[in-house]
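Q: My structure file target-v1.pdb, PDB, C-alpha atoms and all ligand atoms, is below:
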ATOM      1  CA  MET A   1     171.508  35.338  91.269  1.00  0.00           C
ATOM      2  CA  GLY A   2     170.502  34.805  94.883  1.00  0.00           C
ATOM      3  CA  ALA A   3     168.660  31.877  96.426  1.00  0.00           C
ATOM      4  CA  ARG A   4     165.039  31.590  95.341  1.00  0.00           C
ATOM      5  CA  PRO A   5     162.474  32.210  98.062  1.00  0.00           C
ATOM      6  CA  PRO A   6     160.564  29.117  99.217  1.00  0.00           C
ATOM      7  CA  VAL A   7     157.415  28.450  97.247  1.00  0.00           C
ATOM      8  CA  GLY A   8     154.085  27.473  98.784  1.00  0.00           C
ATOM      9  CA  PRO A   9     152.234  28.153 101.995  1.00  0.00           C
ATOM     10  CA  SER A  10     154.925  27.884 104.628  1.00  0.00           C
ATOM     11  CA  GLU A  11     152.312  28.037 107.442  1.00  0.00           C
ATOM     12  CA  TYR A  12     150.938  24.688 106.321  1.00  0.00           C
ATOM     13  CA  LEU A  13     154.416  23.184 106.346  1.00  0.00           C
ATOM     14  CA  SER A  14     155.162  24.472 109.836  1.00  0.00           C
ATOM     15  CA  ALA A  15     151.811  23.183 111.091  1.00  0.00           C
ATOM     16  CA  ASP A  16     152.702  19.787 109.640  1.00  0.00           C
ATOM     17  CA  ALA A  17     156.160  19.917 111.116  1.00  0.00           C
ATOM     18  CA  ALA A  18     154.725  20.601 114.557  1.00  0.00           C
ATOM     19  CA  GLY A  19     152.494  17.572 114.139  1.00  0.00           C
ATOM     20  CA  GLN A  20     149.337  19.691 114.199  1.00  0.00           C
ATOM     21  CA  ARG A  21     146.556  18.506 111.976  1.00  0.00           C
ATOM     22  CA  PRO A  22     144.076  21.056 110.704  1.00  0.00           C
ATOM     23  CA  ARG A  23     141.029  21.125 112.951  1.00  0.00           C
ATOM     24  CA  CYS A  24     138.271  19.689 110.917  1.00  0.00           C
ATOM     25  CA  TYR A  25     134.698  19.072 111.887  1.00  0.00           C
ATOM     26  CA  SER A  26     134.455  22.379 113.719  1.00  0.00           C
ATOM     27  CA  ARG A  27     131.373  24.537 113.359  1.00  0.00           C
ATOM     28  CA  VAL A  28     129.959  27.877 114.423  1.00  0.00           C
ATOM     29  CA  CYS A  29     127.411  28.209 117.247  1.00  0.00           C
ATOM     30  CA  LEU A  30     123.953  28.946 115.822  1.00  0.00           C
ATOM     31  CA  LEU A  31     122.882  31.268 118.649  1.00  0.00           C
ATOM     32  CA  LYS A  32     122.730  34.871 117.504  1.00  0.00           C
ATOM     33  CA  GLY A  33     125.374  36.951 119.245  1.00  0.00           C
ATOM     34  CA  CYS A  34     127.638  33.979 120.045  1.00  0.00           C
ATOM     35  CA  ASP A  35     129.180  32.896 116.719  1.00  0.00           C
ATOM     36  CA  ARG A  36     131.911  30.923 118.514  1.00  0.00           C
ATOM     37  CA  SER A  37     133.612  28.003 116.756  1.00  0.00           C
ATOM     38  CA  PHE A  38     133.457  24.670 118.521  1.00  0.00           C
ATOM     39  CA  GLN A  39     133.945  20.978 117.940  1.00  0.00           C
ATOM     40  CA  PRO A  40     130.659  19.139 118.372  1.00  0.00           C
ATOM     41  CA  PHE A  41     130.184  16.004 120.466  1.00  0.00           C
ATOM     42  CA  HIS A  42     127.258  15.013 118.288  1.00  0.00           C
ATOM     43  CA  PRO A  43     126.659  15.584 114.569  1.00  0.00           C
ATOM     44  CA  LEU A  44     123.384  17.383 115.289  1.00  0.00           C
ATOM     45  CA  GLN A  45     124.773  19.689 117.973  1.00  0.00           C
ATOM     46  CA  ARG A  46     123.877  23.304 117.171  1.00  0.00           C
ATOM     47  CA  TYR A  47     125.265  25.254 120.131  1.00  0.00           C
ATOM     48  CA  CYS A  48     128.755  25.622 121.525  1.00  0.00           C
ATOM     49  CA  SER A  49     127.914  25.335 125.226  1.00  0.00           C
ATOM     50  CA  GLN A  50     125.296  24.699 127.893  1.00  0.00           C
ATOM     51  CA  PRO A  51     124.533  28.433 128.399  1.00  0.00           C
ATOM     52  CA  CYS A  52     123.929  28.865 124.662  1.00  0.00           C
ATOM     53  CA  GLN A  53     121.675  25.817 124.644  1.00  0.00           C
ATOM     54  CA  GLU A  54     119.723  27.253 127.582  1.00  0.00           C
ATOM     55  CA  ALA A  55     119.509  30.664 125.870  1.00  0.00           C
ATOM     56  CA  ALA A  56     118.147  28.904 122.775  1.00  0.00           C
ATOM     57  CA  ARG A  57     115.521  27.122 124.908  1.00  0.00           C
ATOM     58  CA  GLN A  58     114.396  30.442 126.382  1.00  0.00           C
ATOM     59  CA  TRP A  59     114.271  31.950 122.908  1.00  0.00           C
ATOM     60  CA  ARG A  60     112.084  29.047 121.693  1.00  0.00           C
ATOM     61  CA  ARG A  61     109.581  29.774 124.478  1.00  0.00           C
ATOM     62  CA  TRP A  62     109.515  33.475 123.598  1.00  0.00           C
ATOM     63  CA  HIS A  63     109.237  32.644 119.896  1.00  0.00           C
ATOM     64  CA  ALA A  64     106.321  30.229 120.383  1.00  0.00           C
ATOM     65  CA  ALA A  65     104.443  32.790 122.508  1.00  0.00           C
ATOM     66  CA  ARG A  66     105.114  35.492 119.964  1.00  0.00           C
ATOM     67  CA  ARG A  67     103.890  33.306 117.092  1.00  0.00           C
ATOM     68  CA  TYR A  68     100.776  32.349 119.031  1.00  0.00           C
ATOM     69  CA  ARG A  69     100.013  36.033 119.529  1.00  0.00           C
ATOM     70  CA  ALA A  70      99.919  36.476 115.764  1.00  0.00           C
ATOM     71  CA  THR A  71      97.207  33.803 115.320  1.00  0.00           C
ATOM     72  CA  PRO A  72      93.485  34.759 115.486  1.00  0.00           C
ATOM     73  CA  GLN A  73      93.095  32.788 118.765  1.00  0.00           C
ATOM     74  CA  GLY A  74      96.140  34.517 120.208  1.00  0.00           C
ATOM     75  CA  GLN A  75      94.811  37.932 119.260  1.00  0.00           C
ATOM     76  CA  GLN A  76      91.455  37.165 120.842  1.00  0.00           C
ATOM     77  CA  GLN A  77      93.159  36.029 124.015  1.00  0.00           C
ATOM     78  CA  ARG A  78      95.320  39.140 124.128  1.00  0.00           C
ATOM     79  CA  GLN A  79      92.308  41.386 123.662  1.00  0.00           C
ATOM     80  CA  ALA A  80      90.447  39.595 126.487  1.00  0.00           C
ATOM     81  CA  GLN A  81      93.547  39.905 128.714  1.00  0.00           C
ATOM     82  CA  SER A  82      93.790  43.560 127.859  1.00  0.00           C
ATOM     83  CA  ARG A  83      90.125  44.101 128.718  1.00  0.00           C
ATOM     84  CA  ARG A  84      90.498  42.296 132.061  1.00  0.00           C
ATOM     85  CA  TYR A  85      93.628  44.281 132.837  1.00  0.00           C
ATOM     86  CA  ARG A  86      91.928  47.622 132.189  1.00  0.00           C
ATOM     87  CA  GLU A  87      88.935  46.471 134.261  1.00  0.00           C
ATOM     88  CA  ARG A  88      91.213  45.594 137.187  1.00  0.00           C
ATOM     89  CA  GLN A  89      92.952  48.945 136.916  1.00  0.00           C
ATOM     90  CA  ARG A  90      89.620  50.801 137.086  1.00  0.00           C
ATOM     91  CA  VAL A  91      88.605  48.861 140.211  1.00  0.00           C
ATOM     92  CA  CYS A  92      91.967  49.480 141.838  1.00  0.00           C
ATOM     93  CA  GLN A  93      91.857  53.181 141.097  1.00  0.00           C
ATOM     94  CA  ALA A  94      88.340  53.498 142.527  1.00  0.00           C
ATOM     95  CA  THR A  95      89.174  51.742 145.803  1.00  0.00           C
ATOM     96  CA  ALA A  96      92.769  52.679 146.543  1.00  0.00           C
ATOM     97  CA  THR A  97      94.116  56.131 147.254  1.00  0.00           C
ATOM     98  CA  ALA A  98      96.882  57.100 144.922  1.00  0.00           C
ATOM     99  CA  GLU A  99     100.271  57.326 146.558  1.00  0.00           C
ATOM    100  CA  ALA A 100     102.316  60.266 145.475  1.00  0.00           C
ATOM    101  CA  VAL A 101     105.568  58.320 145.519  1.00  0.00           C
ATOM    102  CA  GLY A 102     105.962  55.990 142.587  1.00  0.00           C
ATOM    103  CA  THR A 103     102.842  57.136 140.810  1.00  0.00           C
ATOM    104  CA  ALA A 104     104.704  58.486 137.836  1.00  0.00           C
ATOM    105  CA  ALA A 105     106.691  55.268 137.499  1.00  0.00           C
ATOM    106  CA  ALA A 106     103.548  53.170 137.841  1.00  0.00           C
ATOM    107  CA  GLU A 107     101.813  55.156 135.138  1.00  0.00           C
ATOM    108  CA  GLU A 108     104.765  54.692 132.892  1.00  0.00           C
ATOM    109  CA  ARG A 109     104.725  50.939 133.468  1.00  0.00           C
ATOM    110  CA  GLU A 110     101.017  50.858 132.839  1.00  0.00           C
ATOM    111  CA  GLY A 111     101.586  52.626 129.556  1.00  0.00           C
ATOM    112  CA  GLN A 112     104.151  50.025 128.538  1.00  0.00           C
ATOM    113  CA  ARG A 113     101.948  47.127 129.519  1.00  0.00           C
ATOM    114  CA  TYR A 114      99.042  48.599 127.677  1.00  0.00           C
ATOM    115  CA  GLU A 115     101.287  49.038 124.669  1.00  0.00           C
ATOM    116  CA  ASP A 116     102.202  45.410 124.960  1.00  0.00           C
ATOM    117  CA  PHE A 117      98.586  44.259 125.196  1.00  0.00           C
ATOM    118  CA  SER A 118      97.564  46.242 122.165  1.00  0.00           C
ATOM    119  CA  GLY A 119     100.871  45.494 120.397  1.00  0.00           C
ATOM    120  CA  ASP A 120     101.456  45.299 116.694  1.00  0.00           C
ATOM    121  CA  PHE A 121     100.290  41.851 115.666  1.00  0.00           C
ATOM    122  CA  SER A 122     101.644  42.190 112.156  1.00  0.00           C
ATOM    123  CA  ALA A 123     105.262  42.105 113.375  1.00  0.00           C
ATOM    124  CA  ARG A 124     106.860  38.671 113.070  1.00  0.00           C
ATOM    125  CA  PRO A 125     109.753  37.222 115.046  1.00  0.00           C
ATOM    126  CA  CYS A 126     112.935  36.164 113.250  1.00  0.00           C
ATOM    127  CA  GLN A 127     113.436  32.377 113.025  1.00  0.00           C
ATOM    128  CA  ARG A 128     117.083  32.292 114.035  1.00  0.00           C
ATOM    129  CA  PRO A 129     117.553  31.003 117.593  1.00  0.00           C
ATOM    130  CA  GLY A 130     118.584  33.821 119.906  1.00  0.00           C
ATOM    131  CA  CYS A 131     117.311  36.571 117.591  1.00  0.00           C
ATOM    132  CA  TYR A 132     114.632  38.756 119.173  1.00  0.00           C
ATOM    133  CA  GLU A 133     114.224  41.066 116.177  1.00  0.00           C
ATOM    134  CA  LEU A 134     110.707  41.633 114.922  1.00  0.00           C
ATOM    135  CA  PHE A 135     109.945  42.602 111.367  1.00  0.00           C
ATOM    136  CA  VAL A 136     106.895  43.386 109.310  1.00  0.00           C
ATOM    137  CA  PRO A 137     106.982  40.879 106.467  1.00  0.00           C
ATOM    138  CA  GLN A 138     106.853  42.299 102.963  1.00  0.00           C
ATOM    139  CA  PRO A 139     104.664  40.407 100.511  1.00  0.00           C
ATOM    140  CA  HIS A 140     107.151  38.137  98.814  1.00  0.00           C
ATOM    141  CA  GLU A 141     107.603  34.494  97.863  1.00  0.00           C
ATOM    142  CA  PRO A 142     108.721  32.490  99.725  1.00  0.00           C
ATOM    143  CA  PRO A 143     107.448  34.362 102.798  1.00  0.00           C
ATOM    144  CA  GLN A 144     110.103  36.280 104.716  1.00  0.00           C
ATOM    145  CA  ARG A 145     111.151  34.430 107.872  1.00  0.00           C
ATOM    146  CA  PHE A 146     114.288  36.255 108.991  1.00  0.00           C
ATOM    147  CA  CYS A 147     115.135  39.780 110.062  1.00  0.00           C
ATOM    148  CA  CYS A 148     118.261  39.882 107.882  1.00  0.00           C
ATOM    149  CA  SER A 149     120.284  37.802 105.448  1.00  0.00           C
ATOM    150  CA  ALA A 150     122.891  36.928 108.109  1.00  0.00           C
ATOM    151  CA  CYS A 151     120.207  35.185 110.208  1.00  0.00           C
ATOM    152  CA  ARG A 152     118.808  33.457 107.122  1.00  0.00           C
ATOM    153  CA  ARG A 153     122.233  32.155 106.094  1.00  0.00           C
ATOM    154  CA  ALA A 154     123.087  31.011 109.645  1.00  0.00           C
ATOM    155  CA  LEU A 155     119.988  28.825 109.961  1.00  0.00           C
ATOM    156  CA  ARG A 156     120.161  27.653 106.330  1.00  0.00           C
ATOM    157  CA  ARG A 157     123.720  26.445 106.905  1.00  0.00           C
ATOM    158  CA  VAL A 158     122.639  24.382 109.921  1.00  0.00           C
ATOM    159  CA  LEU A 159     119.525  22.931 108.279  1.00  0.00           C
ATOM    160  CA  ASP A 160     121.483  21.950 105.158  1.00  0.00           C
ATOM    161  CA  ARG A 161     124.177  20.311 107.282  1.00  0.00           C
ATOM    162  CA  GLU A 162     121.603  18.373 109.307  1.00  0.00           C
ATOM    163  CA  ALA A 163     119.769  17.278 106.151  1.00  0.00           C
ATOM    164  CA  ARG A 164     123.061  16.022 104.684  1.00  0.00           C
ATOM    165  CA  TRP A 165     123.838  14.163 107.904  1.00  0.00           C
ATOM    166  CA  ARG A 166     120.393  12.499 107.986  1.00  0.00           C
ATOM    167  CA  ARG A 167     120.657  11.484 104.358  1.00  0.00           C
ATOM    168  CA  ARG A 168     124.101  10.002 104.904  1.00  0.00           C
ATOM    169  CA  HIS A 169     122.957   8.304 108.093  1.00  0.00           C
ATOM    170  CA  ARG A 170     120.032   6.690 106.266  1.00  0.00           C
ATOM    171  CA  LEU A 171     122.345   5.382 103.548  1.00  0.00           C
ATOM    172  CA  ILE A 172     124.830   4.055 106.083  1.00  0.00           C
ATOM    173  CA  ARG A 173     122.076   2.220 107.908  1.00  0.00           C
ATOM    174  CA  ALA A 174     120.881   0.780 104.636  1.00  0.00           C
ATOM    175  CA  GLY A 175     124.472  -0.344 103.948  1.00  0.00           C
ATOM    176  CA  ARG A 176     124.686   1.705 100.757  1.00  0.00           C
ATOM    177  CA  PHE A 177     127.152   4.354 101.810  1.00  0.00           C
ATOM    178  CA  ARG A 178     130.656   4.328 103.178  1.00  0.00           C
ATOM    179  CA  PRO A 179     131.589   7.781 104.506  1.00  0.00           C
ATOM    180  CA  PRO A 180     135.010   9.176 103.578  1.00  0.00           C
ATOM    181  CA  PRO A 181     137.457   8.863 106.479  1.00  0.00           C
ATOM    182  CA  ARG A 182     137.399  11.913 108.749  1.00  0.00           C
ATOM    183  CA  CYS A 183     140.489  13.457 110.234  1.00  0.00           C
TER     184      CYS A 183
HETATM  185 ZN    ZN B 201     127.433  29.642 121.630  1.00  0.00          ZN
HETATM  186 ZN    ZN B 202     117.316  37.661 113.041  1.00  0.00          ZN
END
Mind turning the file's structure into structure tokens?

A:
Amino acid sequence: MGARPPVGPSEYLSADAAGQRPRCYSRVCLLKGCDRSFQPFHPLQRYCSQPCQEAARQWRRWHAARRYRATPQGQQQRQAQSRRYRERQRVCQATATAEAVGTAAAEEREGQRYEDFSGDFSARPCQRPGCYELFVPQPHEPPQRFCCSACRRALRRVLDREARWRRRHRLIRAGRFRPPPRC
């Protein structure tokens, strides 16, 4: 009979021996496409870095504009913009002589802009910060808010965590909760 092999997760033992404690309190950046792990400075921190925070701010602007476009007021405004744009183009074409160079490119751009003005209002933007996917919501309860289940889970995880933190924070302030010691 030979010696019995060691039992148990030897990696844990070696980590202990080296004096390394498991990194707790780390989380994953919420921004779509980043997914980096980081250790937050604040319990409500959602993004790993300044660039991700800035990217999320830009996304929020895009998202708000996109949502506004889907409202009746937004649609009216887009239609008026589209009308004014076409009007301007007619005036320009009547007064200016077309230049051969760049005309094809300009027409192409015009096509895209027109597309944009008359865009599909039924498409909705995904709610996950950093996600620029649009989807046409299927009739279902609760209403669809994400382009895919990965985006839904990513935001759900953050909202649940923040709700837990707020609840705990309220109890602590009321003197009714003592949090378990963290690492
Ligand atoms: Zn990030
Ligand atoms: Zn998404």

Q: Closest to Asp35 of chain A among A:Ala154, A:Val136, A:Ala80, A:Cys147, using all atoms listed in the file?

A: A:Ala154

Q: Considering all atoms listed in the file, can you say which of A:Pro129, A:Pro72, A:Pro40, A:Pro139 comes closest to ligand ZN 202 (chain B)?

A: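 Counting all atoms listed in the file, the residue closest to ligand ZN 202 (chain B) is A:Pro129.
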
Q: Can you work out the spacing between atom CA of Pro137 of chain A and atom CA of Val28 of chain A in Å, to one decimal?

A: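 Distance reported for this atom pair: 27.6 Å.
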
Q: Which is closest to ligand ZN 201 (chain B) among A:Gly130, A:Tyr85, A:Arg164, A:Arg67, if we use all atoms listed in the file?

A: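 Closest candidate: A:Gly130.
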
Q: Can you list what the PyMOL selection byres (((not hetatm)) within 6 of (chain B and resi 201)) grabs from this structure, as a list in words?

A: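 For this structure, the PyMOL selection byres (((not hetatm)) within 6 of (chain B and resi 201)) resolves to Cys29, Leu31, Cys34, Arg36, Tyr47, Cys48, Ser49 and Cys52 of chain A.
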
Q: Out of A:Val158, A:Cys151, A:Ala64, A:Ala56, which residue has the shortest atom-to-atom distance to Arg128 of chain A when counting only C-alpha atoms?

A: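 Answer, going by the shortest atom-to-atom distance: A:Cys151.
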
Q: Taking only C-alpha atoms and all ligand atoms into account, produce a table as JSON lines in which each residue of chain A with an atom at most 10 Å from an atom of ligand ZN 202 (chain B) appears once, together with its shortest atom pair and the distance in Å to one decimal, ordered by chain and rising number.

A:
{"residue": "A:Lys32", "atom": "CA", "partner": "B:ZN202", "partner_atom": "ZN", "distance": 7.6}
{"residue": "A:Pro125", "atom": "CA", "partner": "B:ZN202", "partner_atom": "ZN", "distance": 7.8}
{"residue": "A:Cys126", "atom": "CA", "partner": "B:ZN202", "partner_atom": "ZN", "distance": 4.6}
{"residue": "A:Gln127", "atom": "CA", "partner": "B:ZN202", "partner_atom": "ZN", "distance": 6.6}
{"residue": "A:Arg128", "atom": "CA", "partner": "B:ZN202", "partner_atom": "ZN", "distance": 5.5}
{"residue": "A:Pro129", "atom": "CA", "partner": "B:ZN202", "partner_atom": "ZN", "distance": 8.1}
{"residue": "A:Gly130", "atom": "CA", "partner": "B:ZN202", "partner_atom": "ZN", "distance": 8.0}
{"residue": "A:Cys131", "atom": "CA", "partner": "B:ZN202", "partner_atom": "ZN", "distance": 4.7}
{"residue": "A:Tyr132", "atom": "CA", "partner": "B:ZN202", "partner_atom": "ZN", "distance": 6.8}
{"residue": "A:Glu133", "atom": "CA", "partner": "B:ZN202", "partner_atom": "ZN", "distance": 5.6}
{"residue": "A:Leu134", "atom": "CA", "partner": "B:ZN202", "partner_atom": "ZN", "distance": 7.9}
{"residue": "A:Phe135", "atom": "CA", "partner": "B:ZN202", "partner_atom": "ZN", "distance": 9.0}
{"residue": "A:Arg145", "atom": "CA", "partner": "B:ZN202", "partner_atom": "ZN", "distance": 8.7}
{"residue": "A:Phe146", "atom": "CA", "partner": "B:ZN202", "partner_atom": "ZN", "distance": 5.2}
{"residue": "A:Cys147", "atom": "CA", "partner": "B:ZN202", "partner_atom": "ZN", "distance": 4.3}
{"residue": "A:Cys148", "atom": "CA", "partner": "B:ZN202", "partner_atom": "ZN", "distance": 5.7}
{"residue": "A:Ser149", "atom": "CA", "partner": "B:ZN202", "partner_atom": "ZN", "distance": 8.2}
{"residue": "A:Ala150", "atom": "CA", "partner": "B:ZN202", "partner_atom": "ZN", "distance": 7.5}
{"residue": "A:Cys151", "atom": "CA", "partner": "B:ZN202", "partner_atom": "ZN", "distance": 4.7}
{"residue": "A:Arg152", "atom": "CA", "partner": "B:ZN202", "partner_atom": "ZN", "distance": 7.4}
{"residue": "A:Ala154", "atom": "CA", "partner": "B:ZN202", "partner_atom": "ZN", "distance": 9.4}
{"residue": "A:Leu155", "atom": "CA", "partner": "B:ZN202", "partner_atom": "ZN", "distance": 9.7}
